[in-house]
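What follows is a set of notes on a single structure, which appears directly below.
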Amino acid sequence: MTDLVRAAAPVVMGVLNVTPDSFSDGGRYADLGSAVGHGVRLRADGAHLVDVGGESTRPGSDRVPARIEAGRVVPVIRELTAAGVPVSIDTTRARVAEAALAAGAVVVNDVSGGLADPDMARVVRDAGCPWVLMHWRGHSREMGELARYTDVVADVRAELSHRVDEALRAGVAADRIVVDPGLGFAKTAAHNWALSSRLSELLDLGFPLLFASSRKSYLGRLLAGPDGTPRPTDDRDVATVATSLLAVAAGAWGVRVHDVRGTVDALAVWRATGAPRLACAPTDSARPAPVKAGRAGHTTEQGGPR
Ligand code: PMM
């Protein structure tokens with residue numbers, strides 16, 4: 001079994017939404033051929049994992065039935081796996097995760113951190129795969145009203161810590177857990193910036209941290225034109241690279257991005273300059289133990305992206 005994270009290279013997760021309505025790439029990869037083609041391209045660009053999702057988490061979006069979600073992702077995962085592309089499944093449903101793992105997925109990326117489906121912990125524990133536990137307070141329809149915190153960083157840290165405890169109690173191995181602050185999920189732009197600038201407090205939990213800012217609306221707002229119009233989603237990649245690189249320099253384990261190529265290039269520059277850490281970043285010896293992929297034969301390559 002190979003470690004998912006053993007090399008100095010941070011993990012780059014490429015986004016592949018097989019949905020008609022995701023905020024950035026919705027509808028672009030709705031048919032099997034284009035979805036698989038894009039996943040293969042993300043891998044060739046250097047993604048360690050391709051994150052396949054079949055349900056939009058865009059603020060305000062409605063849920064799709066599990067049957068439809070599974071029907072969207074399973075054929076894509078099967079083909080990507082056959083093509084040698086390591087896949088994570090982006091779902092909050094145990095049933096969908098189970099089908100995705102059976103089709104070859106090696107990581108479960110759960111934006112609800114195990115809250116949406118009480119059976120998820122069992123599925124992950126039995127598969128022995130890494131589990132990304134994202135900070136979450138409710139489904140897309142209601143999350144706008146849930147963006148209330150006393151101190152967003154302390155509150156997110158405490159709630160994530162609780163999710164981790166629950167996962168451990170359910171029998172999930174500690175070295176399979178990755179945490180994620182959940183930028184944009186029940187968070188305002190100010191919350192996202194606070195989380196981004198105080199990552200060390202979340203890293204202090206002692207688990208690898210995934211940072212997922214890619215093309216999110218707070219970047220669009222930051223880069224708004226003179227009339228206040230937010231920058232369009234597909235013109236936010238440079239800002240995404242900047243936030244991702246800062247997160248890695250602060251100690252993040254990995255980043256989830258649409259623009260894999262730009263991110264990989266930026267990380268190459270960072271590495272070439274000695275992989276400098278921000279002053280607040282934990283030292284390597286203080287970093288959490290590596291997370292191992294769930295199955296032999298479906299692990300990421302070591303030594304950086306291809
Ligand atoms: N954001 C989205 C989807 N999946 N997974 C994790 N772990 N963290 C995130 O912040 C996250 C996610 C929404 O963005 P998308 O529409 O670009 O997929």
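Chains: A, B, ... in order of the structure tokens. Residues: from 1 per chain. Ligands: from 1, in order shown.
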
(message) Show me, as a ChimeraX atom specification, the residues that have an atom within 9 Å of Gly113 in chain A when counting only C-alpha atoms, minus same-chain residues fewer than 4 positions from it.
(response) /A:92,109,131-136,160,163-164,167,179-180

Write the residues of the selection above to a file with N, CA and C atoms, as a short mmCIF file (atom, residue, chain, number, x, y, z; two decimals), in the first residue's frame.
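So the final result, stored in again_23.cif, reads:
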```cif
data_model
loop_
_atom_site.label_atom_id
_atom_site.label_comp_id
_atom_site.auth_asym_id
_atom_site.auth_seq_id
_atom_site.Cartn_x
_atom_site.Cartn_y
_atom_site.Cartn_z
N THR A 92 -22.13 13.32 -0.27
CA THR A 92 -22.50 13.26 1.15
C THR A 92 -23.31 12.01 1.45
N ASN A 109 -14.68 12.16 -0.46
CA ASN A 109 -14.67 13.59 -0.14
C ASN A 109 -16.10 13.97 0.22
N TRP A 131 -10.80 9.83 4.10
CA TRP A 131 -12.10 10.49 4.17
C TRP A 131 -11.85 11.98 4.41
N VAL A 132 -12.24 12.80 3.47
CA VAL A 132 -12.15 14.25 3.66
C VAL A 132 -13.40 14.70 4.41
N LEU A 133 -13.19 15.22 5.62
CA LEU A 133 -14.29 15.72 6.44
C LEU A 133 -14.31 17.24 6.33
N MET A 134 -15.26 17.75 5.60
CA MET A 134 -15.35 19.21 5.44
C MET A 134 -16.25 19.81 6.50
N HIS A 135 -15.95 21.04 6.90
CA HIS A 135 -16.83 21.75 7.84
C HIS A 135 -18.13 22.14 7.13
N TRP A 136 -19.24 21.79 7.73
CA TRP A 136 -20.55 21.92 7.07
C TRP A 136 -21.62 22.14 8.12
N LEU A 160 -15.14 21.01 13.52
CA LEU A 160 -14.36 19.99 12.78
C LEU A 160 -13.80 18.95 13.74
N ARG A 163 -16.37 16.49 14.47
CA ARG A 163 -16.57 15.54 13.36
C ARG A 163 -15.47 14.46 13.37
N VAL A 164 -14.25 14.91 13.64
CA VAL A 164 -13.13 13.96 13.70
C VAL A 164 -13.36 12.95 14.82
N ALA A 167 -15.85 10.41 13.81
CA ALA A 167 -15.29 9.47 12.83
C ALA A 167 -14.42 8.43 13.54
N VAL A 179 -9.03 17.01 7.02
CA VAL A 179 -10.04 18.02 7.36
C VAL A 179 -10.02 19.16 6.33
N ASP A 180 -11.12 19.88 6.28
CA ASP A 180 -11.29 20.94 5.27
C ASP A 180 -12.18 22.02 5.88
#
```

(request) Extract, using only C-alpha atoms, all DNA, RNA and protein residues at most 6 Å from range 236-244 of chain A, discarding same-chain residues fewer than 3 positions from it, and format them as a list in words. (result) Ser214, Arg215, Thr233, Ala247 and Thr263 of chain A

(message) Neighbouring residues of ligand 1 are defined here as those with any atom at most 8 Å from a ligand atom, counting only C-alpha atoms and all ligand atoms; list them as an MDAnalysis selection string.
(response) chainID A and resid 15:17 22:26 53 56:58 90 109:111 132:134 180:185 210:216 256:258

Grab the residues selected above and save them as a tab-separated table (two decimals), in the first residue's frame with N, CA, C and O atoms.
```
chain	number	residue	atom	x	y	z
A	15	VAL	N	-10.94	19.18	-10.03
A	15	VAL	CA	-12.40	19.15	-9.91
A	15	VAL	C	-13.05	18.66	-11.20
A	15	VAL	O	-12.77	19.17	-12.29
A	16	LEU	N	-13.91	17.66	-11.06
A	16	LEU	CA	-14.70	17.20	-12.21
A	16	LEU	C	-16.16	17.03	-11.76
A	16	LEU	O	-16.52	16.02	-11.14
A	17	ASN	N	-16.95	18.04	-12.04
A	17	ASN	CA	-18.36	17.98	-11.67
A	17	ASN	C	-19.18	17.45	-12.84
A	17	ASN	O	-19.20	18.05	-13.92
A	22	SER	N	-23.40	22.91	-11.51
A	22	SER	CA	-22.38	23.39	-10.57
A	22	SER	C	-21.99	24.81	-10.96
A	22	SER	O	-22.09	25.20	-12.12
A	23	PHE	N	-21.51	25.60	-9.98
A	23	PHE	CA	-21.36	27.04	-10.25
A	23	PHE	C	-20.30	27.36	-11.29
A	23	PHE	O	-20.39	28.34	-11.98
A	24	SER	N	-19.30	26.50	-11.41
A	24	SER	CA	-18.23	26.85	-12.36
A	24	SER	C	-18.26	25.98	-13.62
A	24	SER	O	-18.29	26.49	-14.73
A	25	ASP	N	-18.25	24.66	-13.43
A	25	ASP	CA	-18.16	23.78	-14.60
A	25	ASP	C	-19.46	23.04	-14.88
A	25	ASP	O	-19.48	22.09	-15.66
A	26	GLY	N	-20.55	23.47	-14.26
A	26	GLY	CA	-21.84	22.79	-14.45
A	26	GLY	C	-22.23	22.69	-15.92
A	26	GLY	O	-22.17	23.68	-16.64
A	53	GLY	N	-17.87	14.62	-8.81
A	53	GLY	CA	-19.09	14.93	-8.06
A	53	GLY	C	-20.32	14.90	-8.96
A	53	GLY	O	-20.25	15.32	-10.12
A	56	SER	N	-24.67	19.12	-7.33
A	56	SER	CA	-24.16	20.47	-7.12
A	56	SER	C	-24.36	20.90	-5.68
A	56	SER	O	-25.39	20.62	-5.07
A	57	THR	N	-23.33	21.60	-5.14
A	57	THR	CA	-23.45	22.14	-3.79
A	57	THR	C	-23.53	23.67	-3.84
A	57	THR	O	-23.30	24.34	-2.84
A	58	ARG	N	-23.84	24.18	-5.04
A	58	ARG	CA	-23.97	25.63	-5.21
A	58	ARG	C	-24.99	26.17	-4.21
A	58	ARG	O	-26.06	25.55	-4.03
A	90	ASP	N	-16.92	12.85	-4.60
A	90	ASP	CA	-17.43	14.01	-3.86
A	90	ASP	C	-18.92	13.79	-3.62
A	90	ASP	O	-19.74	14.05	-4.50
A	109	ASN	N	-14.68	12.16	-0.46
A	109	ASN	CA	-14.67	13.59	-0.14
A	109	ASN	C	-16.10	13.97	0.22
A	109	ASN	O	-16.97	14.04	-0.65
A	110	ASP	N	-16.32	14.19	1.52
A	110	ASP	CA	-17.68	14.38	2.02
A	110	ASP	C	-17.83	15.81	2.54
A	110	ASP	O	-17.34	16.14	3.62
A	111	VAL	N	-18.51	16.66	1.77
A	111	VAL	CA	-18.62	18.06	2.19
A	111	VAL	C	-19.45	18.23	3.46
A	111	VAL	O	-19.44	19.29	4.07
A	132	VAL	N	-12.24	12.80	3.47
A	132	VAL	CA	-12.15	14.25	3.66
A	132	VAL	C	-13.40	14.70	4.41
A	132	VAL	O	-14.51	14.57	3.90
A	133	LEU	N	-13.19	15.22	5.62
A	133	LEU	CA	-14.29	15.72	6.44
A	133	LEU	C	-14.31	17.24	6.33
A	133	LEU	O	-13.43	17.92	6.87
A	134	MET	N	-15.26	17.75	5.60
A	134	MET	CA	-15.35	19.21	5.44
A	134	MET	C	-16.25	19.81	6.50
A	134	MET	O	-17.22	19.18	6.93
A	180	ASP	N	-11.12	19.88	6.28
A	180	ASP	CA	-11.29	20.94	5.27
A	180	ASP	C	-12.18	22.02	5.88
A	180	ASP	O	-13.27	21.70	6.39
A	181	PRO	N	-11.76	23.29	5.84
A	181	PRO	CA	-12.57	24.35	6.47
A	181	PRO	C	-13.88	24.64	5.75
A	181	PRO	O	-14.75	25.31	6.31
A	182	GLY	N	-14.05	24.14	4.52
A	182	GLY	CA	-15.33	24.33	3.83
A	182	GLY	C	-15.59	25.77	3.41
A	182	GLY	O	-16.66	26.33	3.71
A	183	LEU	N	-14.63	26.35	2.70
A	183	LEU	CA	-14.79	27.74	2.25
A	183	LEU	C	-16.08	27.87	1.44
A	183	LEU	O	-16.37	27.06	0.56
A	184	GLY	N	-16.87	28.89	1.75
A	184	GLY	CA	-18.10	29.16	1.00
A	184	GLY	C	-19.30	28.37	1.48
A	184	GLY	O	-20.42	28.64	1.05
A	185	PHE	N	-19.11	27.42	2.37
A	185	PHE	CA	-20.23	26.63	2.89
A	185	PHE	C	-20.65	27.23	4.23
A	185	PHE	O	-19.94	27.05	5.23
A	210	LEU	N	-7.18	19.98	3.67
A	210	LEU	CA	-7.44	20.27	2.25
A	210	LEU	C	-8.01	21.68	2.16
A	210	LEU	O	-8.93	22.05	2.90
A	211	PHE	N	-7.46	22.46	1.24
A	211	PHE	CA	-7.89	23.84	1.06
A	211	PHE	C	-8.55	23.95	-0.32
A	211	PHE	O	-7.95	23.62	-1.33
A	212	ALA	N	-9.79	24.42	-0.36
A	212	ALA	CA	-10.57	24.39	-1.62
A	212	ALA	C	-11.23	25.74	-1.87
A	212	ALA	O	-12.40	25.94	-1.59
A	213	SER	N	-10.44	26.64	-2.43
A	213	SER	CA	-10.95	28.00	-2.71
A	213	SER	C	-11.39	28.16	-4.16
A	213	SER	O	-11.98	29.17	-4.51
A	214	SER	N	-11.16	27.15	-4.97
A	214	SER	CA	-11.17	27.31	-6.43
A	214	SER	C	-12.42	28.00	-6.99
A	214	SER	O	-13.54	27.52	-6.85
A	215	ARG	N	-12.18	29.17	-7.59
A	215	ARG	CA	-13.20	29.94	-8.33
A	215	ARG	C	-14.38	30.36	-7.46
A	215	ARG	O	-15.44	30.69	-8.00
A	216	LYS	N	-14.23	30.30	-6.15
A	216	LYS	CA	-15.38	30.59	-5.30
A	216	LYS	C	-15.74	32.08	-5.32
A	216	LYS	O	-14.92	32.92	-5.68
A	256	ARG	N	-7.81	21.71	-3.72
A	256	ARG	CA	-8.81	21.22	-4.68
A	256	ARG	C	-9.07	22.35	-5.67
A	256	ARG	O	-9.56	23.41	-5.27
A	257	VAL	N	-8.74	22.11	-6.94
A	257	VAL	CA	-8.76	23.20	-7.92
A	257	VAL	C	-9.33	22.75	-9.28
A	257	VAL	O	-9.26	21.57	-9.64
A	258	HIS	N	-9.87	23.74	-10.00
A	258	HIS	CA	-10.29	23.48	-11.38
A	258	HIS	C	-9.08	23.55	-12.32
A	258	HIS	O	-8.93	22.75	-13.22
```

Every residue of range 170-296 of chain A that DSSP places in strand (DSSP E), as an mmCIF file with all heavy atoms, in the first residue's frame:
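Here's the written file out-v2.cif:
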```cif
data_model
loop_
_atom_site.group_PDB
_atom_site.id
_atom_site.type_symbol
_atom_site.label_atom_id
_atom_site.label_comp_id
_atom_site.auth_asym_id
_atom_site.auth_seq_id
_atom_site.Cartn_x
_atom_site.Cartn_y
_atom_site.Cartn_z
ATOM 1 N N ILE A 177 -7.954 10.336 7.916
ATOM 2 C CA ILE A 177 -8.789 11.537 8.036
ATOM 3 C C ILE A 177 -8.069 12.786 7.530
ATOM 4 O O ILE A 177 -6.917 13.042 7.870
ATOM 5 C CB ILE A 177 -9.231 11.725 9.511
ATOM 6 C CG1 ILE A 177 -10.191 10.581 9.888
ATOM 7 C CG2 ILE A 177 -9.882 13.090 9.724
ATOM 8 C CD1 ILE A 177 -10.589 10.548 11.346
ATOM 9 N N VAL A 178 -8.780 13.526 6.697
ATOM 10 C CA VAL A 178 -8.321 14.824 6.202
ATOM 11 C C VAL A 178 -9.402 15.830 6.572
ATOM 12 O O VAL A 178 -10.591 15.514 6.449
ATOM 13 C CB VAL A 178 -8.142 14.791 4.654
ATOM 14 C CG1 VAL A 178 -7.797 16.168 4.105
ATOM 15 C CG2 VAL A 178 -7.085 13.762 4.243
ATOM 16 N N VAL A 179 -9.027 17.014 7.023
ATOM 17 C CA VAL A 179 -10.039 18.017 7.356
ATOM 18 C C VAL A 179 -10.020 19.159 6.333
ATOM 19 O O VAL A 179 -9.048 19.341 5.608
ATOM 20 C CB VAL A 179 -9.846 18.582 8.783
ATOM 21 C CG1 VAL A 179 -10.034 17.496 9.830
ATOM 22 C CG2 VAL A 179 -8.476 19.254 8.925
ATOM 23 N N ASP A 180 -11.117 19.884 6.277
ATOM 24 C CA ASP A 180 -11.286 20.941 5.267
ATOM 25 C C ASP A 180 -12.185 22.016 5.877
ATOM 26 O O ASP A 180 -13.268 21.697 6.394
ATOM 27 C CB ASP A 180 -11.939 20.290 4.028
ATOM 28 C CG ASP A 180 -12.208 21.260 2.886
ATOM 29 O OD1 ASP A 180 -12.374 22.463 3.132
ATOM 30 O OD2 ASP A 180 -12.282 20.790 1.738
ATOM 31 N N LEU A 210 -7.178 19.982 3.673
ATOM 32 C CA LEU A 210 -7.441 20.270 2.253
ATOM 33 C C LEU A 210 -8.009 21.685 2.160
ATOM 34 O O LEU A 210 -8.926 22.047 2.897
ATOM 35 C CB LEU A 210 -8.455 19.257 1.693
ATOM 36 C CG LEU A 210 -8.825 19.442 0.222
ATOM 37 C CD1 LEU A 210 -7.645 19.115 -0.694
ATOM 38 C CD2 LEU A 210 -10.015 18.543 -0.149
ATOM 39 N N PHE A 211 -7.456 22.455 1.240
ATOM 40 C CA PHE A 211 -7.892 23.845 1.055
ATOM 41 C C PHE A 211 -8.550 23.952 -0.319
ATOM 42 O O PHE A 211 -7.949 23.616 -1.330
ATOM 43 C CB PHE A 211 -6.669 24.769 1.154
ATOM 44 C CG PHE A 211 -6.984 26.226 1.100
ATOM 45 C CD1 PHE A 211 -7.336 26.928 2.249
ATOM 46 C CD2 PHE A 211 -6.926 26.914 -0.103
ATOM 47 C CE1 PHE A 211 -7.617 28.289 2.204
ATOM 48 C CE2 PHE A 211 -7.212 28.270 -0.159
ATOM 49 C CZ PHE A 211 -7.553 28.949 0.992
ATOM 50 N N GLY A 254 -3.174 19.658 0.918
ATOM 51 C CA GLY A 254 -3.565 19.600 -0.480
ATOM 52 C C GLY A 254 -4.524 20.712 -0.854
ATOM 53 O O GLY A 254 -5.047 21.415 0.012
ATOM 54 N N VAL A 255 -4.731 20.850 -2.160
ATOM 55 C CA VAL A 255 -5.648 21.867 -2.664
ATOM 56 C C VAL A 255 -6.579 21.228 -3.692
ATOM 57 O O VAL A 255 -6.193 20.300 -4.412
ATOM 58 C CB VAL A 255 -4.884 23.056 -3.298
ATOM 59 C CG1 VAL A 255 -4.126 23.836 -2.237
ATOM 60 C CG2 VAL A 255 -3.931 22.602 -4.407
ATOM 61 N N ARG A 256 -7.807 21.714 -3.725
ATOM 62 C CA ARG A 256 -8.809 21.222 -4.680
ATOM 63 C C ARG A 256 -9.074 22.346 -5.666
ATOM 64 O O ARG A 256 -9.557 23.405 -5.274
ATOM 65 C CB ARG A 256 -10.082 20.841 -3.930
ATOM 66 C CG ARG A 256 -11.227 20.361 -4.798
ATOM 67 C CD ARG A 256 -12.454 20.051 -3.951
ATOM 68 N NE ARG A 256 -13.556 19.561 -4.756
ATOM 69 C CZ ARG A 256 -14.405 20.345 -5.426
ATOM 70 N NH1 ARG A 256 -14.266 21.664 -5.387
ATOM 71 N NH2 ARG A 256 -15.386 19.822 -6.131
ATOM 72 N N VAL A 257 -8.738 22.106 -6.943
ATOM 73 C CA VAL A 257 -8.764 23.199 -7.925
ATOM 74 C C VAL A 257 -9.329 22.751 -9.277
ATOM 75 O O VAL A 257 -9.256 21.573 -9.644
ATOM 76 C CB VAL A 257 -7.338 23.760 -8.170
ATOM 77 C CG1 VAL A 257 -6.799 24.427 -6.909
ATOM 78 C CG2 VAL A 257 -6.381 22.685 -8.656
#
```

(message) Give me, as a PyMOL selection string, all polymer residues having an atom no more than 12 Å from range 27-41 of chain A, counting only C-alpha atoms and skipping those fewer than 3 positions away in the same chain.
(response) chain A and resi 13-24+44-56+69+71-88+258-261+306

(request) Please report, as a PyMOL selection string, each residue of range 62-232 of chain A to which DSSP assigns alpha helix (DSSP H) when run on this structure's backbone. (result) chain A and resi 66-82+94-103+120-127+152-169+189-197+199-203+217-222

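Computed from the coordinates, the CA of Gly262 in chain A to CA of Leu42 in chain A distance equals 11.1 Å.
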
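For the residues A:Ser140, A:Val248, A:Arg43, A:Leu115, ranking by smallest atom-to-atom distance to Val64 in chain A using only C-alpha atoms places A:Ser140 first.
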
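What separates CA of Ala186 in chain A from CA of Val11 in chain A is a distance of 25.2 Å.
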
(request) Do a neighbour search on range 143-153 of chain A at 6 Å with only C-alpha atoms, toss out local chain neighbours closer than 4 positions, and write the hits as a VMD selection string. (result) chain A and resid 138 to 139 157 186 to 187 195

(request) In Å, rounded to a single decimal, give me how far CA of His191 in chain A is from CA of Pro276 in chain A. (result) 25.8 Å

(message) Can you pull out the residues contacting Arg231 in chain A? Cut-off 10 Å, using only C-alpha atoms, and skip same-chain residues under 3 positions away; I want them as a list in words.
(response)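 The residues that qualify are Arg215, Ser217, Tyr218, Leu219, Gly220, Arg221, Leu222, Leu223, Ala224, Gly225, Gly228, Asp234, Asp235 and Arg236 of chain A.
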